[in-house]
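Notes for the one structure printed next.
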Amino acid sequence: MISIRPSYQELNKTYYSDTCKPLVAAWKKGRVTLEAWARSSYPATYKMENGVLPCVSSVGYWDATFQQDWGLNWHRNEGIEITFLETGTMPFSLANDQYIVHPNEVTITRPWQPHKLGDPYIGIGKLYWVILDVGVRCPHQEWKWPPWITLTAKDLNELTGMLRQNEQPIWKTNQEIRKCFQKIGNVITCDKSGEKESWIAIYINELLMHFLEFFRNGPFQWDESLVNSSRTVQLFIKDLRKSYFEPWTLEHMAEYCGLKVTRFVHYFRQLTNMTPMNYLTHVRLEMAADILVSQHARGINEICYDCGFTSSQYFSTVFRKQYGCSPTAYRYLHLKS
């Protein structure tokens with residue numbers, strides 16, 4: 001049975017808090033300086049206790065003063081991540097796009113966005129970050145900020161809308177944002193016990209307020225489609241091709257997206273003009289047809305079950321309906337040509 005999304009999951013693959021193993025290895029070898037407060041499996045010079053800065057997953061920086069031989073491969077964080085590059089350059093990839101981050105630029109990734117750092121290696125430079133878990137696992141869900149965030153409800157709602165409804169990944173920032181990250185870094189460098197928790201809370205609040213003013217004063221594109229239920233289903237459909245072999249049911253799909261079955265089917269039909277189960281069968285057949293030709297030594301029944309079908313007879317029936325011939329004939333025709 002497919003389980004409901006835990007902290008963060010991409011269909012057939014569960015993502016846990018990023019362990020940043022390549023960063024940890026480089027740190028232990030003395031190739032990079034690391035200072036961080038963190039919880040869970042994030043690397044840290046101070047492991048935060050449960051009551052310290054709730055919802056902060058990690059806050060800190062690394063400083064690479066010479067060329068590195070590591071990068072952070074594709075991952076997703078359970079919270080919104082804001083990074084700031086003080087010096088150097090860094091390859092950064094988000095979904096299908098690649099960028100180069102330059103000094104005084106920030107990257108913003110949302111809880112559901114896959115990203116990586118390095119191509120394949122990070123560059124020389126000093127990178128700060130803050131990762132805040134705002135309690136969402138799908139784009140349409142409301143963000144829940146921790147109680148120590150002191151922005152007024154009006155300001156926080158406006159900032160939340162800005163962060164949710166714009167997917168520009170890189171921004172050229174100002175001196176105020178730069179100074180906030182530097183102040184956070186100075187506190188973390190000096191404090192390995194969490195005694196200055198209040199200062200970190202103050203600086204994160206200051207950072208968020210500066211981002212709000214920054215967005216207010218600059219060109220900003222709002223896109224409400226990024227936070228509606230249709231967006232959640234759209235992302236699900238995109239990733240379904242990576243887990244077509246899982247034992248999906250209609251109820252599991254809807255529950256996975258945090259939607260009632262009726263609404264889920266409504267959005268799915270809008271986006272694909274097919275029912276979810278018909279679309280899943282279509283994808284499974286496409287994958288099976290490809291395997292039949294590319295892996296011609298594999299048996300028909302093996303391919304059938306590996307693609308998520310539970311009956312070889314049903315597989316043959318729907319395959320013939322979609323391709324006009326049996327799986328065996330399809331393989332023969334395409335290998336012959």
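Chain identifiers are assigned as A, B, and so on, following the order in which chains appear in the structure tokens; residues are numbered from 1 within each chain, and ligands are numbered from 1 in order of appearance.
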
Exercise: Asn50 in chain A partners within 12 Å, only C-alpha atoms, chain neighbours under 6 positions left out, as a ChimeraX atom specification: /A:38-40,56-57,194

Take the residues just selected and output them with N, CA, C and O atoms as a PDB file, in the first residue's frame.
ATOM      1  N   ALA A  38      21.361  23.162  13.730  1.00  0.00           N
ATOM      2  CA  ALA A  38      20.453  22.323  12.942  1.00  0.00           C
ATOM      3  C   ALA A  38      19.840  21.248  13.812  1.00  0.00           C
ATOM      4  O   ALA A  38      20.297  20.976  14.925  1.00  0.00           O
ATOM      5  N   ARG A  39      18.797  20.659  13.280  1.00  0.00           N
ATOM      6  CA  ARG A  39      18.172  19.500  13.924  1.00  0.00           C
ATOM      7  C   ARG A  39      18.015  18.394  12.888  1.00  0.00           C
ATOM      8  O   ARG A  39      18.416  18.552  11.743  1.00  0.00           O
ATOM      9  N   SER A  40      17.467  17.283  13.332  1.00  0.00           N
ATOM     10  CA  SER A  40      17.287  16.129  12.465  1.00  0.00           C
ATOM     11  C   SER A  40      18.662  15.686  11.944  1.00  0.00           C
ATOM     12  O   SER A  40      19.644  15.673  12.688  1.00  0.00           O
ATOM     13  N   VAL A  56      12.803  25.778  12.718  1.00  0.00           N
ATOM     14  CA  VAL A  56      14.070  25.993  12.023  1.00  0.00           C
ATOM     15  C   VAL A  56      14.735  24.638  11.847  1.00  0.00           C
ATOM     16  O   VAL A  56      15.090  23.980  12.818  1.00  0.00           O
ATOM     17  N   SER A  57      14.883  24.216  10.623  1.00  0.00           N
ATOM     18  CA  SER A  57      15.547  22.932  10.354  1.00  0.00           C
ATOM     19  C   SER A  57      17.055  23.094  10.354  1.00  0.00           C
ATOM     20  O   SER A  57      17.778  22.240  10.862  1.00  0.00           O
ATOM     21  N   GLY A 194      23.554  27.350  21.895  1.00  0.00           N
ATOM     22  CA  GLY A 194      22.206  27.868  21.759  1.00  0.00           C
ATOM     23  C   GLY A 194      21.834  28.958  22.738  1.00  0.00           C
ATOM     24  O   GLY A 194      20.655  29.319  22.850  1.00  0.00           O
TER      25      GLY A 194
END

Name the residues of range 184-321 of chain A that come out as alpha helix (DSSP H) in a backbone DSSP run; write them as a PyMOL selection string. chain A and resi 184-190+197-217+229-240+250-256+261-272+276-294+300-306+312-321

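Each of A:Ile80, A:Ile122, A:Leu292, A:Val283 was checked against Glu167 in chain A using only C-alpha atoms; the smallest atom-to-atom distance is that of A:Ile80.
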
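Close contacts of Tyr61 in chain A, defined as residues with an atom at most 10 Å away when counting only C-alpha atoms, with chain neighbours fewer than 4 positions off set aside, comprise Thr33, Leu34, Glu35, Ala36, Trp37, Thr83, Phe84, Leu85, Lys126, Leu127, Tyr128, Trp129, Val130, Phe181, Gln182, Ile184, Gly185, Ile188 and Thr189 of chain A.
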
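Near Pro111 in chain A, within 6 Å and counting only C-alpha atoms, sit A:Asn77, A:Glu78, A:Gly79, A:Ile80, not including residues fewer than 3 positions from it in the same chain.
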